[in-house]
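Let me begin by presenting the structure, written as structure tokens, before commenting on it.
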Amino acid sequence: MSDSGYFSDIYKTVRVLRETEKGRVFLLRHKDSGKEYLLRKFTGDPEVYRRLLGIKSPYLPQIYEVAAEENRVLVLEEYVHGDLMADMLEGCLFSEKETRMLAVDLCQALHILHGLGIVHRDIKPENVLIRGSHAVLTDFDVSRISKENQNRDTVAMGTVGFAAPEQFSISQTDFRSDIYSMGILINTMLTGDHPANQLARGPLRRIVMKCTMIAPEKRYKTIGKLLEALL
Amino acid sequence: MNEKMCPKCGKMIPENANFCPYCETSLVERETPEELKKMPLRKKKALFITAAAVVLLAAALFIILRIVLKRVDAEATFRYEGKEYHLLLRQSVNYLEVKEPQPLIEKKVVADRFGAVPSQLYVFDAETGKNAREEFTELIQDVSVKAVLIGSGELSEVGVTEYSPGFPEAVYETDIFFGGTVRENRIVWTLTMKNGKKVELAQLLKISVIPVKNYDYREISLTTAEELQRLIDEIGKNEDPDTLVNVNLGPYTYKGNLNIENHAVNLKGCVDGEEKTVIEGTLTVNSIAPLACELTDIVFRGSGIGIQDNVGVFTTNCEFNGLDIGINVGGQGYGMPTSCTFRDCRVGFLFNSTMSTSKRPYFDENVFVNCKTAVLFQNVPGDDDLWFYGGSFEGNGTDIDNRTQHLIEYDGVEFK
């Protein structure tokens with residue numbers, strides 16, 4: 001699949017949404033139907049997106065097509081119309097109830113990913129869209145937006161602050177890394193800050209603490225356990 | 001590049017395409033994975049009757065009829081390699097082995113409050129009668145538990161089904177969550193065995209809503225322990241067991257022992273002004289299920305035991321000053337103090353109970369000051385970690401005397 005000729009006959013490139021050292025994300029519009037899509041072009045492994053081809057879920061963007069040549073990958077993906085959680089957190093915080101509801105949605109998304117053998121590794125507000133009253137988890141193993149400041153860089157596998165401790169060592173990252181990142185995310189939704197700086201108060205505090213235990217074996221063992229705690 | 005024809009629009013597309021970019025048709029079969037069950041947190045939207053909903057309703061009726069006609073019960077037999085296993089579902093409340101199935105789970109809840117009940121699968125060797133959990137677990141490929149609506153009402157949500165150390169004799173345990181509305185559901189367990197066979201068991205869950213009755217010190221005379229005990233006894237004698245009873249206490253000191261039995265009573269201390277509700281005596285709670293007592297905003301002081309909890313009491317924002325034991329949890333109590341202060345007690349909180357604390361062993365935000373022993377764990381069933389999150393310990397002789405195998409979570413706890 002090429003991104004020129006074939007696609008340009010059918011889709012109009014509206015604009016470049018994101019650009020990183022690994023690739024670009026384009027917003028496309030179908031010339032006949034007017035429906036919008038994302039086209040990801042990056043260098044890397046297409047396997048995660050290939051596994052998501054057969055999945056339909058309200059908590060994950062739909063993946064329509066995956067093509068790869070050597071390590072150049074093209075992904076045609078649903079354009080989720082929603083607000084970026086990171087943008088929403090610029091102006092306000094989420095209530096405990098909202099945080100629970102959205103965290104439950106993200107647990108559903110992670111349940112699917114983990115079931116497919118995928119560790120997201122980059123759970124953070126910049127990768128969560130709020131569509132209506134639901135959260136959609138996006139960006140699977142893709143480098144992040146243009147750098148705005150050093151603290152927002154994505155390093156190796158994950159983002160500083162959100163990545164679990166074991167992701168910075170040689171130990172194998174497993175699904176509990178995502179649980180760690182979920183704890184940071186929940187705290188950020190409630191306080192706007194990392195738990196090391198400002199720990200959330202209230203019933204969710206306990207959940208944040210258990211998610212972010214340094215030792216992975218002390219965290220919630222599965223995403224199902226985390227979801228149960230959120231109820 | 002090899003090509004194929006799109007089955008919908010007829011345009012030629014790459015042979016290995018998963019999606020036709022022309023007509024925007026997906027060419028792969030998409031699966032919608034089963035969601036982890038969740039509790040509805042907001043009111044449901046209005047129901048739109050469509051052809052698809054009619055089909056789903058017919059399918060649900062078919063399943064219900066199939067279950068009813070098949071007489072799927074709360075017990076079943078499974079035979080494997082010459083051995084027979086007896087399976088049963090029940091809601092166990094302690095660690096004693098139980099051999100009787102529980103086909104009906106009947107609960108009453110306060111309107112608009114959420115509730116949950118556990119349900120466990122037990123398996124026994126049919127010949128010896130011994131618990132066969134470990135060997136039977138090896139024969140299971142998969143387990144699923146689903147709630148099926150019967151009649152009107154709402155559908156309950158089923159939690160994660162897995163082995164729980166809180167119920168160590170059970171093969172699996174799950175929680176069934178329900179809101180404070182009337183409902184009748186079949187809770188259907190389906191075991192897919194490694195030899196390809198399926199085993200089904202089911203329980204009937206009936207939820208009804210309980211009424212609430214309030215007594216207030218401003219409306220009746222409740223100035224002494226005798227008057228309060230008289231009221232508690234009347235409630236125990238006259239009130240329907242399933243009625244939630246709240247008693248709002250005044251800014252008085254109730255001198256004398258109090259007993260709550262036969263009927264749970266929620267005692268709420270005075271928060272109107274600066275004077276607090278004080279109890280000088282032991283409050284013993286032996287009330288019978290289905291409801292548990294909730295005690296809030298009360299000061300307990302004296303020389304003996306503050307609260308003797310034999311069945312399970314929720315204590316919030318209370319003070320225990322100068323007592324021999326602030327809260328003594330025994331019998332089948334599961335004492336849950338939260339945001340309480342234990343000061344100058346010989347033992348602030350003592351836990352010596354046979355009741356399982358599975359899943360909720362949290363004693364958050366309690367303050368222990370100048371106690372000889374702040375917390376003493378003598379017997380706590382299961383092996384859950386015990387949390388004191390947000391709590392603080394200051395000036396105690398011993399902070400936590402843990403004589404059990406449970407781990408204590410110290411994160412979020414302040415030791416001054």
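Chain labels follow the order of the structure tokens: the first chain is A, the next B, and so on; residue numbering restarts at 1 in every chain, and ligands are counted from 1 in their shown order.
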
Which of region 142-329 of chain B fall in alpha helix (DSSP H), as a VMD selection string: chain B and resid 225 to 238

Residues from the last selection, all heavy atoms, saved as an mmCIF file, in the first residue's frame:
data_model
loop_
_atom_site.group_PDB
_atom_site.id
_atom_site.type_symbol
_atom_site.label_atom_id
_atom_site.label_comp_id
_atom_site.auth_asym_id
_atom_site.auth_seq_id
_atom_site.Cartn_x
_atom_site.Cartn_y
_atom_site.Cartn_z
ATOM 1 N N ALA B 225 -29.372 6.499 78.823
ATOM 2 C CA ALA B 225 -29.090 5.174 78.259
ATOM 3 C C ALA B 225 -30.322 4.273 78.386
ATOM 4 O O ALA B 225 -30.592 3.446 77.518
ATOM 5 C CB ALA B 225 -27.891 4.552 78.967
ATOM 6 N N GLU B 226 -31.082 4.454 79.464
ATOM 7 C CA GLU B 226 -32.266 3.608 79.657
ATOM 8 C C GLU B 226 -33.298 3.883 78.568
ATOM 9 O O GLU B 226 -33.900 2.954 78.014
ATOM 10 C CB GLU B 226 -32.897 3.869 81.037
ATOM 11 C CG GLU B 226 -32.076 3.384 82.229
ATOM 12 C CD GLU B 226 -30.866 4.249 82.529
ATOM 13 O OE1 GLU B 226 -30.834 5.438 82.102
ATOM 14 O OE2 GLU B 226 -29.926 3.751 83.174
ATOM 15 N N GLU B 227 -33.498 5.158 78.278
ATOM 16 C CA GLU B 227 -34.460 5.504 77.212
ATOM 17 C C GLU B 227 -33.973 4.974 75.865
ATOM 18 O O GLU B 227 -34.760 4.457 75.064
ATOM 19 C CB GLU B 227 -34.638 7.034 77.141
ATOM 20 C CG GLU B 227 -35.458 7.600 78.283
ATOM 21 C CD GLU B 227 -35.586 9.113 78.207
ATOM 22 O OE1 GLU B 227 -34.695 9.777 77.616
ATOM 23 O OE2 GLU B 227 -36.580 9.651 78.734
ATOM 24 N N LEU B 228 -32.699 5.090 75.653
ATOM 25 C CA LEU B 228 -32.141 4.624 74.380
ATOM 26 C C LEU B 228 -32.279 3.102 74.282
ATOM 27 O O LEU B 228 -32.675 2.563 73.248
ATOM 28 C CB LEU B 228 -30.673 5.049 74.255
ATOM 29 C CG LEU B 228 -29.919 4.596 73.004
ATOM 30 C CD1 LEU B 228 -30.650 5.007 71.726
ATOM 31 C CD2 LEU B 228 -28.499 5.150 73.002
ATOM 32 N N GLN B 229 -31.967 2.400 75.368
ATOM 33 C CA GLN B 229 -32.076 0.931 75.337
ATOM 34 C C GLN B 229 -33.529 0.510 75.135
ATOM 35 O O GLN B 229 -33.805 -0.445 74.396
ATOM 36 C CB GLN B 229 -31.525 0.326 76.636
ATOM 37 C CG GLN B 229 -31.499 -1.201 76.634
ATOM 38 C CD GLN B 229 -30.536 -1.765 75.602
ATOM 39 O OE1 GLN B 229 -29.336 -1.522 75.667
ATOM 40 N NE2 GLN B 229 -31.049 -2.526 74.646
ATOM 41 N N ARG B 230 -34.447 1.267 75.749
ATOM 42 C CA ARG B 230 -35.881 0.930 75.595
ATOM 43 C C ARG B 230 -36.260 1.050 74.115
ATOM 44 O O ARG B 230 -36.968 0.208 73.578
ATOM 45 C CB ARG B 230 -36.710 1.890 76.439
ATOM 46 C CG ARG B 230 -38.049 1.298 76.892
ATOM 47 C CD ARG B 230 -38.751 2.188 77.902
ATOM 48 N NE ARG B 230 -37.959 2.404 79.100
ATOM 49 C CZ ARG B 230 -37.738 3.599 79.656
ATOM 50 N NH1 ARG B 230 -38.270 4.697 79.140
ATOM 51 N NH2 ARG B 230 -37.001 3.714 80.735
ATOM 52 N N LEU B 231 -35.794 2.104 73.483
ATOM 53 C CA LEU B 231 -36.082 2.300 72.051
ATOM 54 C C LEU B 231 -35.471 1.177 71.218
ATOM 55 O O LEU B 231 -36.122 0.602 70.339
ATOM 56 C CB LEU B 231 -35.561 3.660 71.580
ATOM 57 C CG LEU B 231 -35.684 3.910 70.065
ATOM 58 C CD1 LEU B 231 -37.141 3.934 69.618
ATOM 59 C CD2 LEU B 231 -34.996 5.223 69.673
ATOM 60 N N ILE B 232 -34.224 0.822 71.513
ATOM 61 C CA ILE B 232 -33.551 -0.248 70.761
ATOM 62 C C ILE B 232 -34.328 -1.562 70.920
ATOM 63 O O ILE B 232 -34.514 -2.320 69.960
ATOM 64 C CB ILE B 232 -32.093 -0.420 71.247
ATOM 65 C CG1 ILE B 232 -31.254 0.801 70.844
ATOM 66 C CG2 ILE B 232 -31.469 -1.691 70.689
ATOM 67 C CD1 ILE B 232 -29.863 0.822 71.463
ATOM 68 N N ASP B 233 -34.813 -1.820 72.148
ATOM 69 C CA ASP B 233 -35.547 -3.064 72.386
ATOM 70 C C ASP B 233 -36.883 -3.064 71.646
ATOM 71 O O ASP B 233 -37.301 -4.094 71.097
ATOM 72 C CB ASP B 233 -35.803 -3.246 73.892
ATOM 73 C CG ASP B 233 -34.511 -3.531 74.648
ATOM 74 O OD1 ASP B 233 -33.515 -3.939 74.007
ATOM 75 O OD2 ASP B 233 -34.483 -3.330 75.879
ATOM 76 N N GLU B 234 -37.525 -1.904 71.622
ATOM 77 C CA GLU B 234 -38.804 -1.807 70.886
ATOM 78 C C GLU B 234 -38.580 -2.042 69.406
ATOM 79 O O GLU B 234 -39.356 -2.716 68.742
ATOM 80 C CB GLU B 234 -39.401 -0.394 71.072
ATOM 81 C CG GLU B 234 -40.244 -0.260 72.318
ATOM 82 C CD GLU B 234 -40.693 1.183 72.518
ATOM 83 O OE1 GLU B 234 -40.847 1.895 71.499
ATOM 84 O OE2 GLU B 234 -40.866 1.589 73.684
ATOM 85 N N ILE B 235 -37.516 -1.458 68.898
ATOM 86 C CA ILE B 235 -37.190 -1.661 67.485
ATOM 87 C C ILE B 235 -36.964 -3.142 67.228
ATOM 88 O O ILE B 235 -37.460 -3.711 66.255
ATOM 89 C CB ILE B 235 -35.935 -0.832 67.095
ATOM 90 C CG1 ILE B 235 -36.255 0.662 67.135
ATOM 91 C CG2 ILE B 235 -35.418 -1.236 65.723
ATOM 92 C CD1 ILE B 235 -35.020 1.563 67.085
ATOM 93 N N GLY B 236 -36.226 -3.795 68.117
ATOM 94 C CA GLY B 236 -35.948 -5.220 67.951
ATOM 95 C C GLY B 236 -37.207 -6.058 67.993
ATOM 96 O O GLY B 236 -37.298 -7.098 67.359
ATOM 97 N N LYS B 237 -38.193 -5.578 68.744
ATOM 98 C CA LYS B 237 -39.430 -6.357 68.917
ATOM 99 C C LYS B 237 -40.430 -6.065 67.815
ATOM 100 O O LYS B 237 -41.147 -6.956 67.355
ATOM 101 C CB LYS B 237 -40.048 -5.964 70.273
ATOM 102 C CG LYS B 237 -40.754 -7.115 70.981
ATOM 103 C CD LYS B 237 -40.935 -6.833 72.442
ATOM 104 C CE LYS B 237 -42.187 -6.028 72.676
ATOM 105 N NZ LYS B 237 -42.511 -5.839 74.113
ATOM 106 N N ASN B 238 -40.508 -4.821 67.378
ATOM 107 C CA ASN B 238 -41.628 -4.417 66.521
ATOM 108 C C ASN B 238 -41.278 -4.163 65.066
ATOM 109 O O ASN B 238 -42.127 -4.268 64.202
ATOM 110 C CB ASN B 238 -42.272 -3.131 67.085
ATOM 111 C CG ASN B 238 -42.810 -3.360 68.474
ATOM 112 O OD1 ASN B 238 -43.298 -4.443 68.798
ATOM 113 N ND2 ASN B 238 -42.694 -2.343 69.324
#

Interface, chain B side, toward chain A (7 Å; only C-alpha atoms) as an MDAnalysis selection string: chainID B and resid 18:19 22 26 28:33 35:36 39 159:160 389

Only N, CA, C and O atoms, please: the residues just picked out, written as an mmCIF file, in the first residue's frame.
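Output file selection09.cif follows:
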data_model
loop_
_atom_site.group_PDB
_atom_site.id
_atom_site.type_symbol
_atom_site.label_atom_id
_atom_site.label_comp_id
_atom_site.auth_asym_id
_atom_site.auth_seq_id
_atom_site.Cartn_x
_atom_site.Cartn_y
_atom_site.Cartn_z
ATOM 1 N N ASN B 18 -7.798 -5.479 3.866
ATOM 2 C CA ASN B 18 -8.763 -5.752 4.921
ATOM 3 C C ASN B 18 -9.937 -4.771 4.881
ATOM 4 O O ASN B 18 -10.894 -4.900 5.615
ATOM 5 N N PHE B 19 -9.814 -3.788 3.993
ATOM 6 C CA PHE B 19 -10.764 -2.677 3.994
ATOM 7 C C PHE B 19 -10.837 -2.130 2.581
ATOM 8 O O PHE B 19 -9.810 -2.005 1.901
ATOM 9 N N TYR B 22 -12.752 2.444 -1.145
ATOM 10 C CA TYR B 22 -13.743 3.105 -1.998
ATOM 11 C C TYR B 22 -15.102 3.179 -1.297
ATOM 12 O O TYR B 22 -15.672 4.250 -1.101
ATOM 13 N N SER B 26 -15.475 -2.847 5.694
ATOM 14 C CA SER B 26 -14.480 -3.722 6.316
ATOM 15 C C SER B 26 -14.636 -5.118 5.736
ATOM 16 O O SER B 26 -15.752 -5.635 5.626
ATOM 17 N N VAL B 28 -12.914 -7.771 6.984
ATOM 18 C CA VAL B 28 -12.578 -8.769 7.999
ATOM 19 C C VAL B 28 -13.707 -8.834 9.008
ATOM 20 O O VAL B 28 -14.426 -7.856 9.229
ATOM 21 N N GLU B 29 -13.835 -10.022 9.590
ATOM 22 C CA GLU B 29 -14.858 -10.187 10.614
ATOM 23 C C GLU B 29 -14.358 -9.548 11.900
ATOM 24 O O GLU B 29 -13.251 -9.811 12.346
ATOM 25 N N ARG B 30 -15.170 -8.670 12.465
ATOM 26 C CA ARG B 30 -14.747 -7.987 13.684
ATOM 27 C C ARG B 30 -15.464 -8.570 14.893
ATOM 28 O O ARG B 30 -16.656 -8.821 14.864
ATOM 29 N N GLU B 31 -14.692 -8.742 15.937
ATOM 30 C CA GLU B 31 -15.243 -9.295 17.165
ATOM 31 C C GLU B 31 -15.367 -8.176 18.182
ATOM 32 O O GLU B 31 -14.464 -7.343 18.305
ATOM 33 N N THR B 32 -16.481 -8.148 18.879
ATOM 34 C CA THR B 32 -16.618 -7.212 19.997
ATOM 35 C C THR B 32 -16.351 -8.006 21.261
ATOM 36 O O THR B 32 -17.177 -8.804 21.684
ATOM 37 N N PRO B 33 -15.171 -7.831 21.872
ATOM 38 C CA PRO B 33 -14.826 -8.633 23.051
ATOM 39 C C PRO B 33 -15.802 -8.408 24.193
ATOM 40 O O PRO B 33 -16.345 -7.310 24.344
ATOM 41 N N GLU B 35 -17.114 -7.506 27.638
ATOM 42 C CA GLU B 35 -16.596 -6.527 28.588
ATOM 43 C C GLU B 35 -16.478 -7.144 29.971
ATOM 44 O O GLU B 35 -17.240 -8.029 30.342
ATOM 45 N N LEU B 36 -15.504 -6.607 30.721
ATOM 46 C CA LEU B 36 -15.495 -6.892 32.145
ATOM 47 C C LEU B 36 -16.748 -6.268 32.691
ATOM 48 O O LEU B 36 -17.060 -5.125 32.360
ATOM 49 N N MET B 39 -20.753 -1.918 36.965
ATOM 50 C CA MET B 39 -21.971 -1.467 37.613
ATOM 51 C C MET B 39 -22.423 -0.201 36.929
ATOM 52 O O MET B 39 -21.621 0.669 36.654
ATOM 53 N N GLY B 159 -19.075 -9.704 39.028
ATOM 54 C CA GLY B 159 -17.678 -9.306 39.087
ATOM 55 C C GLY B 159 -16.766 -10.374 38.513
ATOM 56 O O GLY B 159 -17.203 -11.315 37.852
ATOM 57 N N VAL B 160 -15.500 -10.223 38.794
ATOM 58 C CA VAL B 160 -14.518 -11.180 38.299
ATOM 59 C C VAL B 160 -14.678 -12.503 39.047
ATOM 60 O O VAL B 160 -14.825 -12.510 40.268
ATOM 61 N N TYR B 389 -4.623 2.745 55.406
ATOM 62 C CA TYR B 389 -4.229 3.895 54.627
ATOM 63 C C TYR B 389 -4.727 5.211 55.211
ATOM 64 O O TYR B 389 -5.871 5.325 55.621
#

Surrounding residues of region 275-279 of chain B excluding itself and chain neighbours under 5 positions, 9 Å, only C-alpha atoms, as a VMD selection string: chain B and resid 225 249 to 258 268 to 270 297 to 302 306

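Note that CA of Leu191 (chain B) and CA of Ala74 (chain B) are 13.0 Å apart.
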
Which of region 178-308 of chain B DSSP labels strand (DSSP E or B), written as a count of residues only: 65

One-decimal distance in Å that lies between CA of Arg90 (chain B) and CA of Leu204 (chain B): 10.9 Å

Contact residues around Glu239 (chain B) with only C-alpha atoms at 12 Å, ignoring same-chain residues under 4 positions, as a PyMOL selection string: chain B and resi 210-214+231-235+243-246+262-265

Restricted to all heavy atoms, what would the selected residues look like written as a short mmCIF file (atom, residue, chain, number, x, y, z; two decimals), in the first residue's frame?
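Heads up, here's the output in again-v9.cif:
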data_model
loop_
_atom_site.label_atom_id
_atom_site.label_comp_id
_atom_site.auth_asym_id
_atom_site.auth_seq_id
_atom_site.Cartn_x
_atom_site.Cartn_y
_atom_site.Cartn_z
N ILE B 210 -35.83 -2.07 50.81
CA ILE B 210 -36.30 -2.00 52.19
C ILE B 210 -36.69 -0.57 52.57
O ILE B 210 -36.10 0.39 52.08
CB ILE B 210 -35.23 -2.52 53.16
CG1 ILE B 210 -33.98 -1.65 53.11
CG2 ILE B 210 -34.87 -3.95 52.86
CD1 ILE B 210 -32.96 -2.03 54.15
N PRO B 211 -37.62 -0.46 53.43
CA PRO B 211 -38.01 0.86 53.91
C PRO B 211 -37.02 1.38 54.95
O PRO B 211 -36.25 0.62 55.53
CB PRO B 211 -39.38 0.61 54.53
CG PRO B 211 -39.38 -0.83 54.90
CD PRO B 211 -38.45 -1.53 53.97
N VAL B 212 -37.06 2.68 55.18
CA VAL B 212 -36.19 3.32 56.17
C VAL B 212 -37.06 3.99 57.21
O VAL B 212 -38.07 4.62 56.88
CB VAL B 212 -35.28 4.37 55.48
CG1 VAL B 212 -34.42 5.08 56.52
CG2 VAL B 212 -34.41 3.72 54.43
N LYS B 213 -36.67 3.87 58.48
CA LYS B 213 -37.40 4.55 59.55
C LYS B 213 -36.41 5.35 60.39
O LYS B 213 -35.33 4.86 60.73
CB LYS B 213 -38.10 3.52 60.43
CG LYS B 213 -39.13 4.13 61.36
CD LYS B 213 -40.19 3.13 61.68
CE LYS B 213 -41.27 3.79 62.52
NZ LYS B 213 -42.28 2.84 62.96
N ASN B 214 -36.77 6.57 60.70
CA ASN B 214 -35.88 7.44 61.45
C ASN B 214 -36.48 7.81 62.79
O ASN B 214 -37.67 8.12 62.89
CB ASN B 214 -35.61 8.73 60.65
CG ASN B 214 -34.85 8.44 59.37
OD1 ASN B 214 -33.79 7.83 59.39
ND2 ASN B 214 -35.40 8.87 58.26
N LEU B 231 -35.79 2.10 73.48
CA LEU B 231 -36.08 2.30 72.05
C LEU B 231 -35.47 1.18 71.22
O LEU B 231 -36.12 0.60 70.34
CB LEU B 231 -35.56 3.66 71.58
CG LEU B 231 -35.68 3.91 70.07
CD1 LEU B 231 -37.14 3.93 69.62
CD2 LEU B 231 -35.00 5.22 69.67
N ILE B 232 -34.22 0.82 71.51
CA ILE B 232 -33.55 -0.25 70.76
C ILE B 232 -34.33 -1.56 70.92
O ILE B 232 -34.51 -2.32 69.96
CB ILE B 232 -32.09 -0.42 71.25
CG1 ILE B 232 -31.25 0.80 70.84
CG2 ILE B 232 -31.47 -1.69 70.69
CD1 ILE B 232 -29.86 0.82 71.46
N ASP B 233 -34.81 -1.82 72.15
CA ASP B 233 -35.55 -3.06 72.39
C ASP B 233 -36.88 -3.06 71.65
O ASP B 233 -37.30 -4.09 71.10
CB ASP B 233 -35.80 -3.25 73.89
CG ASP B 233 -34.51 -3.53 74.65
OD1 ASP B 233 -33.52 -3.94 74.01
OD2 ASP B 233 -34.48 -3.33 75.88
N GLU B 234 -37.53 -1.90 71.62
CA GLU B 234 -38.80 -1.81 70.89
C GLU B 234 -38.58 -2.04 69.41
O GLU B 234 -39.36 -2.72 68.74
CB GLU B 234 -39.40 -0.39 71.07
CG GLU B 234 -40.24 -0.26 72.32
CD GLU B 234 -40.69 1.18 72.52
OE1 GLU B 234 -40.85 1.90 71.50
OE2 GLU B 234 -40.87 1.59 73.68
N ILE B 235 -37.52 -1.46 68.90
CA ILE B 235 -37.19 -1.66 67.49
C ILE B 235 -36.96 -3.14 67.23
O ILE B 235 -37.46 -3.71 66.26
CB ILE B 235 -35.93 -0.83 67.09
CG1 ILE B 235 -36.25 0.66 67.14
CG2 ILE B 235 -35.42 -1.24 65.72
CD1 ILE B 235 -35.02 1.56 67.09
N THR B 243 -36.25 -3.52 57.78
CA THR B 243 -36.38 -2.06 57.78
C THR B 243 -35.09 -1.46 58.30
O THR B 243 -34.58 -1.85 59.36
CB THR B 243 -37.55 -1.61 58.67
OG1 THR B 243 -38.75 -2.17 58.16
CG2 THR B 243 -37.66 -0.10 58.69
N LEU B 244 -34.57 -0.50 57.57
CA LEU B 244 -33.37 0.21 58.03
C LEU B 244 -33.80 1.23 59.08
O LEU B 244 -34.70 2.02 58.82
CB LEU B 244 -32.70 0.92 56.84
CG LEU B 244 -31.40 1.64 57.16
CD1 LEU B 244 -30.25 0.66 57.15
CD2 LEU B 244 -31.13 2.75 56.17
N VAL B 245 -33.17 1.19 60.21
CA VAL B 245 -33.57 2.10 61.28
C VAL B 245 -32.41 3.01 61.65
O VAL B 245 -31.31 2.54 61.97
CB VAL B 245 -34.02 1.30 62.54
CG1 VAL B 245 -34.35 2.27 63.67
CG2 VAL B 245 -35.22 0.42 62.22
N ASN B 246 -32.65 4.30 61.59
CA ASN B 246 -31.66 5.31 62.00
C ASN B 246 -32.13 5.97 63.28
O ASN B 246 -33.31 6.35 63.40
CB ASN B 246 -31.51 6.39 60.92
CG ASN B 246 -30.94 5.85 59.65
OD1 ASN B 246 -30.00 5.07 59.65
ND2 ASN B 246 -31.51 6.24 58.52
N ASN B 262 -31.34 -8.56 67.81
CA ASN B 262 -32.61 -8.80 67.11
C ASN B 262 -32.81 -7.90 65.90
O ASN B 262 -33.52 -8.26 64.98
CB ASN B 262 -33.83 -8.66 68.03
CG ASN B 262 -33.76 -9.65 69.16
OD1 ASN B 262 -33.32 -10.78 68.98
ND2 ASN B 262 -34.16 -9.23 70.36
N HIS B 263 -32.29 -6.68 65.95
CA HIS B 263 -32.49 -5.79 64.80
C HIS B 263 -31.36 -4.78 64.77
O HIS B 263 -31.04 -4.16 65.79
CB HIS B 263 -33.83 -5.06 64.93
CG HIS B 263 -34.28 -4.40 63.66
ND1 HIS B 263 -33.58 -3.36 63.08
CD2 HIS B 263 -35.34 -4.63 62.85
CE1 HIS B 263 -34.19 -2.99 61.97
NE2 HIS B 263 -35.26 -3.74 61.81
N ALA B 264 -30.77 -4.58 63.61
CA ALA B 264 -29.69 -3.59 63.46
C ALA B 264 -30.25 -2.19 63.65
O ALA B 264 -31.35 -1.88 63.18
CB ALA B 264 -29.04 -3.71 62.09
N VAL B 265 -29.49 -1.35 64.34
CA VAL B 265 -29.88 0.05 64.54
C VAL B 265 -28.67 0.90 64.21
O VAL B 265 -27.56 0.65 64.72
CB VAL B 265 -30.30 0.29 66.00
CG1 VAL B 265 -30.61 1.77 66.22
CG2 VAL B 265 -31.51 -0.56 66.37
#

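Minimum atom-to-atom distance to Ser208 (chain B), evaluated using only C-alpha atoms, belongs to B:Val109 out of B:Val109, B:Val145, B:Ala170, B:Cys318.
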
Separation of CA of Val148 (chain B) from CA of Val182 (chain B) in Å: 14.3 Å
